[in-house]
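Data first, discussion second: the structure below is written as structure tokens.
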Amino acid sequence: MAKNTSNIDLVKPGVDEFYDVNIMNSNLDKIDSYTGEIKNKIYNGSIQNTNLQLGCNRIQIPEISVSPKIEFTGFSYVNLLGRDGNFENANTLNWVYNNNATGSFDASNKAFGNYGFKLITGNLVNPTIYKAKSALNLDNSKYYMFSAYIKNGNSSNGARLFVDGLNKVSPTVTDAINFNRVCVKLNPTEITTTTAFHLFMLSTVNSGQYSYFDGVMINEISAADYALSDTALLAKYPYVDSYACLTNPMFENRRHNLVRNGNCEEGLGYWIPTSSTLSVENGQFKLVTTTTGNAYQRIKVKPNTNYYLSGNKNGANASIRIFDSARMTVIFAGPGTFNTGYYTDITVIIRNDAAGTSYFDSIMLVEGNTATSEYKSCDLQRFVVEGQFTSDDTVTIENGLVSGLLNWKHPSPLYGKDFDWTLLDTPTGLKRIQIPAPQDIYSVSNNSVRFIKYDGKILPQTGESATKPDIWANNANVYILVSIANTDSGWTDIIAPNANEVKAYMNGWRAYAGTAIDGYYFWLSLVDGSFPPACYKTTTSTTGTGMTTITVPDGTKFSVNDHIYIGTGWCPKITAINGNVLTISPSINCTSGDVVVKGDNSVTKELLTWCKTNIAPGYEGYKLHYKLANPEPITDTNVHIEGEIWDLVKGDNYVTVDSGIVLGEVANPSNGNNTYSYYYINYFSSNPDSTLRYKNESILNVYKNNCFDNVWILDSLYPYGKQRAYTSLANFDTNATYTVDYQILKTLHSQAFGSLSLSYPQSIIATLEGHSKALEQKQAKNTMLDYIVDNSIYEEMRRLYVIGKAVPVANAGVEIVCYARPYPKKCVPVITVNFTPNTNICYLDSTGVAHTIPLPDLKVLFGGLNFDRPIPFYILYTGSDTTIRNNLLSYGGYGFIDITFDCRGRI
């Protein structure tokens, strides 16, 4: 009797049956059809295209893992208001009051940042503040959007945007609880007749009413954008400060499970305990609390999507829950299915609802309505494409390589220490300075250049002969010149700045006081008006009016002809020193306890020398973005991939797309030279400095020697863009290397792509070829890196000059500091410091004679690695000879050191 095969249903006649050619032909047809299907899968599978979205995407691969191809274009746009629509500078409004309006910066009512603006009625109804069209660089042939976040206070009829000259308005906002973002779209005809842009409150009484505004933006849009709905247009153009483009896009793939380390497979990693003690016991998480407490991790999800939360819990008060990203609102108490609603960031929490001990394991979060049949670990890989990408730039990531074309360049800020700024001329009330135009620039014109002032102001281009502040011009296609108001720089019409004083300003220092003979002798930060850290500061014990002498604790810190700052602004000159008594001219008024700051004299210029080579803390500098004459092919040099390019594996792939992400930046935790009770990362007031490279939206992860470190607490109360992390002294390892992942402040970069797609082959041959190419590329890169790293010392600095007066160090002696600026490294190097052979480290006596310091009494320390700024090296005298110590403090010392930064074998 005939039987059928199990796979493709071939007919097998029995041994006692006759041969039937029809049965044979049928079997051959089945074999041909089946092998054809296999051949098609092997050779001729189609290319599957997926339009990725920002946020979480689910991609299901049915059979074998594949190497995807990711393609994107950048996205860039300009807020023509600069930062004036963000209301973060509480000292300057830069808007014009109208209808007797008043206002204030409000720290409690804001869309983001530290402040919003509160518009208040004066003695007239309908108060406004406005920006005149003439103050903005608008083109009458272009389309624009005028947008803002508005929240009503107690105005009788709400608030809105109003465009003067054509009486066009936005939707009116009456919501007194939440900020609402609204906009006005303007076409070229309307722009031509526009005269001003108003933030407008509709009040029916002339006092006591108010509304709030924040995130105000005027930006160019396309004709196609003009046809979009307000909702779509606002989504395409989130608020930004000044100029913004797509920066550091990230692509992350979580395979199988969205919860990282849901079953203790990575120890305690990626769970952050709060009011609890978390440990691992018998393969389960053990959570101990004395009251309500939890451990959590944040996860990106798709909005309006069903997810299934599963996991085992054991304990009378144990629960597994889903909260919002701020951990303030309960979304779901698991296990089971829930819908994310409008949320795109959620928090998975294992929790004790009261004091006690609970156990948890096998925690999973998957898209859909059903639980998986067994626990699967989250296999997470991610990479960041480091760089800035405009709407003209194209990028492709395929087979382990990045390629494409860059049409715009974004050099580092135009700091005075790095660029050869020179004085051009000195029109009344301002100075014009210039640098050579980049050789690879497409055109020195408005369409090809974005010139941004240090405060975010967009500088317009004018003619070469224009003499007004805050403009730039093309000087004969050879130089780019910038006009700077004396009120901004501190310079005066009678004292032209020299080359070093121009460099100091471009490093973020404003001149304060000077004479035609001595030049400028004080410098203040353009950021906060503070004196440079290099200034010597003390106090006086003198009280009186018309004083020609003052007493200070240590007169040896000063020299005759030094200018000093006293109290609230007196700047006399020292004419004589007798012990701790300084004779000064002209006379001043002072009170005991007044601050005394040492400034420059006409000879040494120590403070200016420091300011021309050091950037003011927090100063962002002038920035030039320009179009290239010839598009630049993308290579590993100009666009770096941080992380590992991933494959799509069989099953669920949860691909998250984000922007503004920094991975693995080397941190420099500081406890303020033993003055703090914690070690801080990104503490702007710490010494040594622990700030990160960019202002940040949030710190994502902290790692210790490349392992997740859950002892760091993220500060929930922090200034805008300055979230910090801290841990106790006991938890900190002084021998470890700490790195951080964080997100750049969102108002500093575009959060959108011009276009974004992912494709992958569905044929087995194409997939295997992709894997093979990726492996070949990786091996080639590894071979090259091995050769470079293992056969050369990364960087050597010979005969680094050390000079200056020493300062005392608590319980350690005295030290002289010098600074080194190595090239940035992609790993933490081994640093070796030696005193240069055949030279001496010397101290000076009162007559200026040099004396050798015994080498056994010297050691060198360095102040932490941060390649974005000079690294301080401290030459410490630890000996007991009081003569050497006192002379170092009073007269200083000098010498040479050699530094080696060695990365061999560490990448």
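Lettering and numbering for the structure tokens are positional, with chains as A, B, ... in the shown order, residues counted from 1 in each chain, and ligands counted from 1 in the shown order.
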
Could you list, with a cut-off of 8 Å and counting only C-alpha atoms, the residues of segment 201-262 of chain A near segment 154-177 of chain A, each shown with its nearest atom pair and the distance in Å rounded to one decimal, rows sorted by chain and ascending number, as a Markdown table?
| residue | atom | partner | partner_atom | distance |
| --- | --- | --- | --- | --- |
| A:Met201 | CA | A:Ala159 | CA | 4.2 |
| A:Leu202 | CA | A:Asn157 | CA | 5.1 |
| A:Ser203 | CA | A:Ser155 | CA | 5.4 |
| A:Thr204 | CA | A:Ser156 | CA | 6.3 |
| A:Gln209 | CA | A:Ser155 | CA | 5.1 |
| A:Tyr210 | CA | A:Ser155 | CA | 5.6 |
| A:Ser211 | CA | A:Ser155 | CA | 6.4 |

Would you list the contacts of Ser443 of chain A as a PDB file with C-alpha atoms, in the first residue's frame, taking every protein, DNA or RNA residue within 9 Å and counting only C-alpha atoms, but skipping same-chain residues closer than 5 positions in sequence?
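In the end it all went to part.pdb:
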ATOM      1  CA  SER A 448      26.503  79.262   3.176  1.00  0.00           C
ATOM      2  CA  VAL A 449      27.386  80.470   6.672  1.00  0.00           C
ATOM      3  CA  ASN A 477      36.818  86.666   0.376  1.00  0.00           C
ATOM      4  CA  TYR A 626      29.624  76.721   6.842  1.00  0.00           C
ATOM      5  CA  LYS A 627      28.864  74.910   3.612  1.00  0.00           C
ATOM      6  CA  LEU A 628      31.777  73.125   1.951  1.00  0.00           C
ATOM      7  CA  ALA A 629      32.966  74.009  -1.532  1.00  0.00           C
TER       8      ALA A 629
END

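Nearest to Gly208 of chain A of all the residues A:Asp455, A:Pro127, A:Gly463, A:Asn475 is A:Pro127, based on only C-alpha atoms.
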
_Shortest interatomic distance to Ala224 of chain A - which of A:Tyr144, A:Ala326, A:Thr832, A:Ile471, counting only C-alpha atoms_ =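 So, comparing all the options, the nearest one is A:Tyr144.
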
*Using only C-alpha atoms: which of A:Gln461, A:Asn7, A:Thr604, A:Thr551 has the shortest distance to His563 of chain A*: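 For His563 of chain A, the nearest of the given residues is A:Thr604.
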
*Report the residues of segment 162-350 of chain A whose backbone DSSP state falls under alpha helix (DSSP H), written as a list of chain:residue names.*
A:Pro188, A:Thr189, A:Glu190, A:Ile191, A:Thr192, A:Thr193, A:Ala223, A:Ala224, A:Asp225, A:Tyr226, A:Asp230, A:Thr231, A:Ala232, A:Leu233, A:Leu234, A:Ala235, A:Lys236

Those residues with C-alpha atoms, as a PDB file, in the first residue's frame please?
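Saved as result-v2.pdb:
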ATOM      1  CA  PRO A 188       6.302  85.554   1.468  1.00  0.00           C
ATOM      2  CA  THR A 189       3.472  87.989   0.776  1.00  0.00           C
ATOM      3  CA  GLU A 190       2.658  88.185   4.482  1.00  0.00           C
ATOM      4  CA  ILE A 191       6.317  88.514   5.510  1.00  0.00           C
ATOM      5  CA  THR A 192       6.654  91.526   3.236  1.00  0.00           C
ATOM      6  CA  THR A 193       3.989  93.465   5.176  1.00  0.00           C
ATOM      7  CA  ALA A 223       6.477  75.902   0.948  1.00  0.00           C
ATOM      8  CA  ALA A 224       5.549  72.264   1.604  1.00  0.00           C
ATOM      9  CA  ASP A 225       5.795  72.883   5.359  1.00  0.00           C
ATOM     10  CA  TYR A 226       3.457  75.866   5.000  1.00  0.00           C
ATOM     11  CA  ASP A 230      -0.203  73.346  12.823  1.00  0.00           C
ATOM     12  CA  THR A 231       0.143  70.064  14.715  1.00  0.00           C
ATOM     13  CA  ALA A 232       2.362  68.473  12.057  1.00  0.00           C
ATOM     14  CA  LEU A 233       4.439  71.621  11.651  1.00  0.00           C
ATOM     15  CA  LEU A 234       5.102  71.985  15.378  1.00  0.00           C
ATOM     16  CA  ALA A 235       6.058  68.299  15.590  1.00  0.00           C
ATOM     17  CA  LYS A 236       8.565  68.732  12.759  1.00  0.00           C
TER      18      LYS A 236
END

*asked:* Report, in Å with one decimal, the straight-line distance from atom CA of Pro572 of chain A to atom CA of Thr540 of chain A.
replied: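 Computing it gives 14.0 Å between the two atoms.
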
*Selection: 6 Å around segment 677-682 of chain A, only C-alpha atoms, excl. self and same-chain fewer than 3 positions, as number ranges by chain*: A: 669-671, 690-692, 724-729

Residues just named, written with N, CA and C atoms as a compact mmCIF listing (two decimals), in the first residue's frame:
# COMPACT_ATOMS: atom_id res chain seq x y z
N PRO A 669 35.18 62.61 38.19
CA PRO A 669 34.48 62.87 39.45
C PRO A 669 35.34 63.69 40.41
N SER A 670 34.69 64.62 41.10
CA SER A 670 35.44 65.52 41.98
C SER A 670 34.74 65.62 43.33
N ASN A 671 35.55 65.67 44.39
CA ASN A 671 35.01 66.00 45.71
C ASN A 671 35.58 67.33 46.20
N SER A 690 34.54 69.03 37.09
CA SER A 690 34.00 67.71 36.77
C SER A 690 32.92 67.79 35.70
N THR A 691 32.85 68.91 34.96
CA THR A 691 31.78 69.09 33.99
C THR A 691 31.96 68.19 32.77
N LEU A 692 30.82 67.84 32.17
CA LEU A 692 30.81 67.05 30.95
C LEU A 692 31.01 67.96 29.74
N ARG A 724 23.56 66.48 37.47
CA ARG A 724 24.80 65.90 37.98
C ARG A 724 24.48 64.57 38.67
N ALA A 725 25.51 63.77 38.83
CA ALA A 725 25.41 62.51 39.57
C ALA A 725 26.39 62.57 40.73
N TYR A 726 26.02 61.92 41.84
CA TYR A 726 26.93 61.94 42.99
C TYR A 726 26.84 60.61 43.73
N THR A 727 27.92 60.32 44.44
CA THR A 727 27.98 59.11 45.26
C THR A 727 28.81 59.41 46.49
N SER A 728 28.67 58.59 47.50
CA SER A 728 29.37 58.83 48.76
C SER A 728 30.87 58.57 48.60
N LEU A 729 31.63 59.13 49.53
CA LEU A 729 33.08 58.91 49.51
C LEU A 729 33.40 57.43 49.64

*Pick out the residues sitting within 7 Å of segment 254-271 of chain A, and hand them over as an NGL selection string; count only C-alpha atoms, and ignore anything fewer than 4 positions along from it in its own chain.*
:A and (279-280 or 283-285 or 295-297 or 361-366 or 376-381 or 651-655 or 708 or 710)

*Interatomic distance between atom CA of Leu228 of chain A and atom CA of Gly116 of chain A?*
28.1 Å

_Calculated over only C-alpha atoms, which of the candidates A:Pro870, A:Gly529, A:Gly122, A:Gly579 has the smallest distance to Thr613 of chain A?_
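The closest residue to Thr613 of chain A is A:Pro870.
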
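Neighbours of Ile484 of chain A closer than or equal to 10 Å, with only C-alpha atoms counted and sequence neighbours fewer than 4 positions away skipped, come out as Thr426, Gly429, Leu430, Lys431, Arg432, Ile433, Thr467, Lys468, Pro469, Asp470, Ile471, Trp472, Asp488, Ser489, Gly490, Trp491 and Tyr505 of chain A.
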
Write a file of the selected residues as an mmCIF file, in the first residue's frame, keeping N, CA and C atoms.
data_model
loop_
_atom_site.group_PDB
_atom_site.id
_atom_site.type_symbol
_atom_site.label_atom_id
_atom_site.label_comp_id
_atom_site.auth_asym_id
_atom_site.auth_seq_id
_atom_site.Cartn_x
_atom_site.Cartn_y
_atom_site.Cartn_z
ATOM 1 N N THR A 426 38.896 100.224 14.584
ATOM 2 C CA THR A 426 38.227 100.621 15.835
ATOM 3 C C THR A 426 37.209 101.729 15.587
ATOM 4 N N GLY A 429 32.663 103.198 19.334
ATOM 5 C CA GLY A 429 31.732 102.342 20.069
ATOM 6 C C GLY A 429 31.895 100.866 19.844
ATOM 7 N N LEU A 430 32.821 100.465 18.980
ATOM 8 C CA LEU A 430 32.987 99.029 18.732
ATOM 9 C C LEU A 430 34.384 98.760 18.195
ATOM 10 N N LYS A 431 34.679 97.453 18.087
ATOM 11 C CA LYS A 431 35.929 97.006 17.479
ATOM 12 C C LYS A 431 35.569 95.947 16.445
ATOM 13 N N ARG A 432 36.350 95.892 15.375
ATOM 14 C CA ARG A 432 36.151 94.853 14.365
ATOM 15 C C ARG A 432 37.393 93.968 14.342
ATOM 16 N N ILE A 433 37.170 92.677 14.508
ATOM 17 C CA ILE A 433 38.270 91.716 14.517
ATOM 18 C C ILE A 433 38.036 90.701 13.408
ATOM 19 N N THR A 467 29.481 99.460 10.090
ATOM 20 C CA THR A 467 30.088 99.686 11.410
ATOM 21 C C THR A 467 29.010 99.703 12.477
ATOM 22 N N LYS A 468 28.375 98.568 12.699
ATOM 23 C CA LYS A 468 27.458 98.402 13.808
ATOM 24 C C LYS A 468 27.767 97.074 14.483
ATOM 25 N N PRO A 469 27.432 96.933 15.763
ATOM 26 C CA PRO A 469 27.844 95.724 16.495
ATOM 27 C C PRO A 469 27.031 94.492 16.096
ATOM 28 N N ASP A 470 27.587 93.339 16.434
ATOM 29 C CA ASP A 470 26.930 92.048 16.257
ATOM 30 C C ASP A 470 26.542 91.783 14.810
ATOM 31 N N ILE A 471 27.482 91.964 13.909
ATOM 32 C CA ILE A 471 27.330 91.597 12.515
ATOM 33 C C ILE A 471 28.615 90.909 12.074
ATOM 34 N N TRP A 472 28.550 90.228 10.947
ATOM 35 C CA TRP A 472 29.783 89.702 10.360
ATOM 36 C C TRP A 472 29.810 90.091 8.887
ATOM 37 N N ASP A 488 30.006 95.260 25.180
ATOM 38 C CA ASP A 488 30.083 93.802 25.338
ATOM 39 C C ASP A 488 31.493 93.380 25.741
ATOM 40 N N SER A 489 32.496 93.957 25.094
ATOM 41 C CA SER A 489 33.886 93.527 25.313
ATOM 42 C C SER A 489 34.549 94.199 26.500
ATOM 43 N N GLY A 490 34.023 95.377 26.915
ATOM 44 C CA GLY A 490 34.687 96.147 27.953
ATOM 45 C C GLY A 490 35.781 97.052 27.434
ATOM 46 N N TRP A 491 36.111 96.941 26.128
ATOM 47 C CA TRP A 491 37.110 97.822 25.548
ATOM 48 C C TRP A 491 36.562 99.250 25.451
ATOM 49 N N TYR A 505 39.252 88.109 24.961
ATOM 50 C CA TYR A 505 37.806 88.278 24.744
ATOM 51 C C TYR A 505 37.203 87.055 24.063
#

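Proximity ranking of A:Thr591, A:Thr883, A:Thr656, A:Asn152 relative to Asp345 of chain A places A:Thr656 first, based on only C-alpha atoms.
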
*asked:* When you look at segment 744-760 of chain A with a cut-off of 6 Å (counting only C-alpha atoms), what residues show up, excluding the ones that are within fewer than 4 positions of it in the same chain? I need them as a list in words.
replied: Ile47, Gln48, Asn49, Thr50, Asn51, Leu52, Pro68, Lys69, Ile70, Glu71, Phe72, Thr73, Gly74, Phe75, Val240, Asp241, Ala244, Cys245, Leu246, Ser391, Ser659, Gly660, Lys695, Asn696, Glu697 and Gly721 of chain A

_As an exercise, work out the distance from atom CA of Ala820 of chain A to atom CA of Asn500 of chain A in Å and give it to one decimal place._
19.9 Å

*Can you pull out every residue within 8 Å of Gly893 of chain A, counting only C-alpha atoms, but drop anything in the same chain fewer than 3 positions away, and send it as a list in words?*
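Near Gly893 of chain A, the qualifying residues are Val802, Ile803, Gly804, Lys805, Ala806, Ile816, Ile841, Cys842, Tyr843, Leu844, Ala850 and Leu888 of chain A.
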
*asked:* Just checking: using only C-alpha atoms, which residue out of A:Ser525, A:Ser6, A:Asn701, A:Asn731 ends up closest to Arg298 of chain A?
replied: A:Asn701

Name the residues of segment 72-249 of chain A that come out as strand (DSSP E or B) in a backbone DSSP run; write them as a short mmCIF file (atom, residue, chain, number, x, y, z; two decimals) with N, CA and C atoms, in the first residue's frame.
data_model
loop_
_atom_site.label_atom_id
_atom_site.label_comp_id
_atom_site.auth_asym_id
_atom_site.auth_seq_id
_atom_site.Cartn_x
_atom_site.Cartn_y
_atom_site.Cartn_z
N PHE A 72 20.18 57.71 6.42
CA PHE A 72 19.49 58.89 6.91
C PHE A 72 20.11 60.16 6.34
N THR A 73 19.31 61.20 6.33
CA THR A 73 19.80 62.55 6.09
C THR A 73 19.61 63.33 7.37
N SER A 76 18.42 70.37 9.89
CA SER A 76 18.94 71.56 10.55
C SER A 76 17.99 72.73 10.33
N TYR A 77 17.93 73.61 11.31
CA TYR A 77 17.15 74.83 11.17
C TYR A 77 17.63 75.83 12.20
N VAL A 78 17.18 77.09 12.04
CA VAL A 78 17.69 78.19 12.85
C VAL A 78 16.53 78.90 13.53
N VAL A 96 10.76 94.21 23.49
CA VAL A 96 10.27 95.57 23.72
C VAL A 96 8.89 95.50 24.35
N TYR A 97 8.71 96.20 25.49
CA TYR A 97 7.40 96.27 26.13
C TYR A 97 6.47 97.19 25.33
N ASN A 98 5.18 96.83 25.33
CA ASN A 98 4.19 97.60 24.59
C ASN A 98 2.91 97.70 25.41
N THR A 102 4.28 95.17 31.79
CA THR A 102 5.41 94.85 32.65
C THR A 102 5.59 93.34 32.61
N GLY A 103 6.63 92.86 33.25
CA GLY A 103 6.84 91.41 33.23
C GLY A 103 7.96 91.00 34.15
N SER A 104 8.14 89.70 34.28
CA SER A 104 9.20 89.17 35.12
C SER A 104 9.53 87.75 34.67
N PHE A 105 10.73 87.31 35.02
CA PHE A 105 11.13 85.93 34.78
C PHE A 105 10.56 85.08 35.90
N ASP A 106 9.88 84.00 35.53
CA ASP A 106 9.15 83.19 36.51
C ASP A 106 9.74 81.79 36.58
N GLY A 116 10.29 80.82 32.77
CA GLY A 116 9.41 81.28 31.72
C GLY A 116 9.27 82.78 31.89
N PHE A 117 8.50 83.43 30.99
CA PHE A 117 8.28 84.86 31.12
C PHE A 117 6.83 85.14 31.49
N LYS A 118 6.65 85.94 32.53
CA LYS A 118 5.32 86.32 33.01
C LYS A 118 5.00 87.73 32.48
N LEU A 119 4.02 87.81 31.59
CA LEU A 119 3.59 89.10 31.03
C LEU A 119 2.45 89.64 31.88
N ILE A 120 2.60 90.89 32.34
CA ILE A 120 1.67 91.47 33.32
C ILE A 120 1.11 92.78 32.76
N THR A 128 1.63 93.64 25.51
CA THR A 128 2.45 92.76 24.68
C THR A 128 3.92 93.04 24.93
N ILE A 129 4.74 92.11 24.54
CA ILE A 129 6.16 92.37 24.28
C ILE A 129 6.41 91.93 22.86
N TYR A 130 7.35 92.58 22.17
CA TYR A 130 7.50 92.27 20.75
C TYR A 130 8.96 92.36 20.31
N LYS A 131 9.19 91.71 19.16
CA LYS A 131 10.44 91.83 18.41
C LYS A 131 10.12 92.48 17.08
N ALA A 132 10.79 93.57 16.76
CA ALA A 132 10.57 94.23 15.48
C ALA A 132 11.18 93.39 14.36
N TYR A 143 9.26 81.47 3.58
CA TYR A 143 8.16 81.14 4.47
C TYR A 143 8.71 81.02 5.90
N TYR A 144 7.87 81.36 6.90
CA TYR A 144 8.33 81.30 8.29
C TYR A 144 7.23 80.78 9.21
N MET A 145 7.68 80.27 10.37
CA MET A 145 6.76 79.90 11.45
C MET A 145 7.15 80.68 12.70
N PHE A 146 6.15 81.26 13.35
CA PHE A 146 6.30 81.97 14.62
C PHE A 146 5.55 81.13 15.66
N SER A 147 6.28 80.58 16.65
CA SER A 147 5.66 79.63 17.59
C SER A 147 6.07 79.95 19.02
N ALA A 148 5.29 79.46 19.97
CA ALA A 148 5.60 79.65 21.40
C ALA A 148 4.78 78.70 22.23
N TYR A 149 5.27 78.45 23.44
CA TYR A 149 4.51 77.77 24.48
C TYR A 149 3.80 78.85 25.30
N ILE A 150 2.48 78.70 25.48
CA ILE A 150 1.70 79.71 26.21
C ILE A 150 0.86 79.02 27.27
N LYS A 151 0.82 79.64 28.43
CA LYS A 151 -0.04 79.19 29.53
C LYS A 151 -0.75 80.43 30.09
N ASN A 152 -2.06 80.35 30.19
CA ASN A 152 -2.77 81.50 30.74
C ASN A 152 -2.59 81.55 32.25
N ALA A 159 -4.30 84.23 26.06
CA ALA A 159 -3.13 84.84 25.42
C ALA A 159 -2.88 84.15 24.10
N ARG A 160 -2.13 84.81 23.21
CA ARG A 160 -1.85 84.26 21.89
C ARG A 160 -0.66 84.98 21.28
N LEU A 161 -0.28 84.56 20.06
CA LEU A 161 0.72 85.24 19.27
C LEU A 161 0.03 86.18 18.29
N PHE A 162 0.70 87.29 18.01
CA PHE A 162 0.11 88.29 17.12
C PHE A 162 1.21 88.84 16.23
N VAL A 163 0.95 88.86 14.92
CA VAL A 163 1.91 89.40 13.95
C VAL A 163 1.39 90.74 13.47
N ASP A 164 2.12 91.80 13.81
CA ASP A 164 1.70 93.15 13.48
C ASP A 164 1.99 93.45 12.01
N LYS A 168 -2.32 89.00 11.92
CA LYS A 168 -2.50 87.55 11.91
C LYS A 168 -2.21 87.01 13.30
N VAL A 169 -3.04 86.08 13.79
CA VAL A 169 -2.92 85.60 15.16
C VAL A 169 -2.88 84.08 15.19
N VAL A 173 -4.89 80.72 23.77
CA VAL A 173 -4.71 79.74 24.85
C VAL A 173 -5.38 80.28 26.11
N ASN A 180 0.59 75.25 26.31
CA ASN A 180 0.16 74.79 25.00
C ASN A 180 1.03 75.45 23.94
N ARG A 181 1.52 74.67 22.98
CA ARG A 181 2.35 75.24 21.93
C ARG A 181 1.47 75.59 20.73
N VAL A 182 1.56 76.81 20.26
CA VAL A 182 0.77 77.28 19.14
C VAL A 182 1.69 77.99 18.15
N CYS A 183 1.19 78.26 16.94
CA CYS A 183 2.04 78.89 15.94
C CYS A 183 1.23 79.74 14.98
N VAL A 184 1.94 80.59 14.25
CA VAL A 184 1.42 81.36 13.13
C VAL A 184 2.33 81.06 11.94
N LYS A 185 1.73 80.72 10.79
CA LYS A 185 2.51 80.47 9.57
C LYS A 185 2.44 81.71 8.68
N LEU A 186 3.57 82.04 8.05
CA LEU A 186 3.65 83.25 7.25
C LEU A 186 4.24 82.92 5.89
N ALA A 196 6.20 93.43 13.10
CA ALA A 196 6.66 93.01 14.43
C ALA A 196 5.97 91.71 14.84
N PHE A 197 6.62 90.99 15.77
CA PHE A 197 6.10 89.73 16.30
C PHE A 197 5.83 89.92 17.79
N HIS A 198 4.56 89.73 18.20
CA HIS A 198 4.14 90.04 19.56
C HIS A 198 3.76 88.78 20.34
N LEU A 199 4.12 88.76 21.64
CA LEU A 199 3.52 87.88 22.63
C LEU A 199 2.40 88.70 23.26
N PHE A 200 1.16 88.25 23.11
CA PHE A 200 -0.02 89.11 23.28
C PHE A 200 -0.95 88.51 24.33
N MET A 201 -1.32 89.33 25.35
CA MET A 201 -2.29 88.90 26.34
C MET A 201 -3.60 89.65 26.12
N TYR A 210 -2.25 88.43 34.10
CA TYR A 210 -0.96 87.94 33.62
C TYR A 210 -1.13 86.63 32.85
N SER A 211 -0.16 86.34 32.01
CA SER A 211 -0.05 85.08 31.27
C SER A 211 1.43 84.73 31.16
N TYR A 212 1.72 83.47 30.75
CA TYR A 212 3.10 82.99 30.73
C TYR A 212 3.49 82.56 29.31
N PHE A 213 4.75 82.80 28.96
CA PHE A 213 5.28 82.43 27.64
C PHE A 213 6.65 81.77 27.82
N ASP A 214 6.96 80.85 26.92
CA ASP A 214 8.27 80.20 26.93
C ASP A 214 8.51 79.57 25.57
N GLY A 215 9.76 79.24 25.27
CA GLY A 215 10.09 78.52 24.04
C GLY A 215 9.59 79.20 22.79
N VAL A 216 9.90 80.50 22.64
CA VAL A 216 9.43 81.26 21.49
C VAL A 216 10.44 81.09 20.35
N MET A 217 9.92 80.85 19.15
CA MET A 217 10.82 80.58 18.02
C MET A 217 10.25 81.20 16.74
N ILE A 218 11.13 81.75 15.92
CA ILE A 218 10.83 82.16 14.55
C ILE A 218 11.82 81.43 13.66
N ASN A 219 11.33 80.57 12.78
CA ASN A 219 12.24 79.80 11.93
C ASN A 219 11.70 79.70 10.52
N GLU A 220 12.62 79.60 9.57
CA GLU A 220 12.25 79.43 8.17
C GLU A 220 11.68 78.05 7.94
N ILE A 221 10.65 77.96 7.11
CA ILE A 221 10.06 76.68 6.71
C ILE A 221 9.97 76.66 5.19
N TYR A 243 20.96 78.01 16.41
CA TYR A 243 21.16 77.08 15.29
C TYR A 243 21.23 75.66 15.83
N ALA A 244 20.56 74.75 15.15
CA ALA A 244 20.57 73.35 15.60
C ALA A 244 20.56 72.41 14.41
N CYS A 245 21.28 71.31 14.52
CA CYS A 245 21.21 70.26 13.51
C CYS A 245 21.26 68.90 14.21
N LEU A 246 20.92 67.86 13.46
CA LEU A 246 20.92 66.51 14.03
C LEU A 246 22.31 66.19 14.57
N THR A 247 22.38 65.78 15.83
CA THR A 247 23.66 65.55 16.50
C THR A 247 23.66 64.18 17.18
#
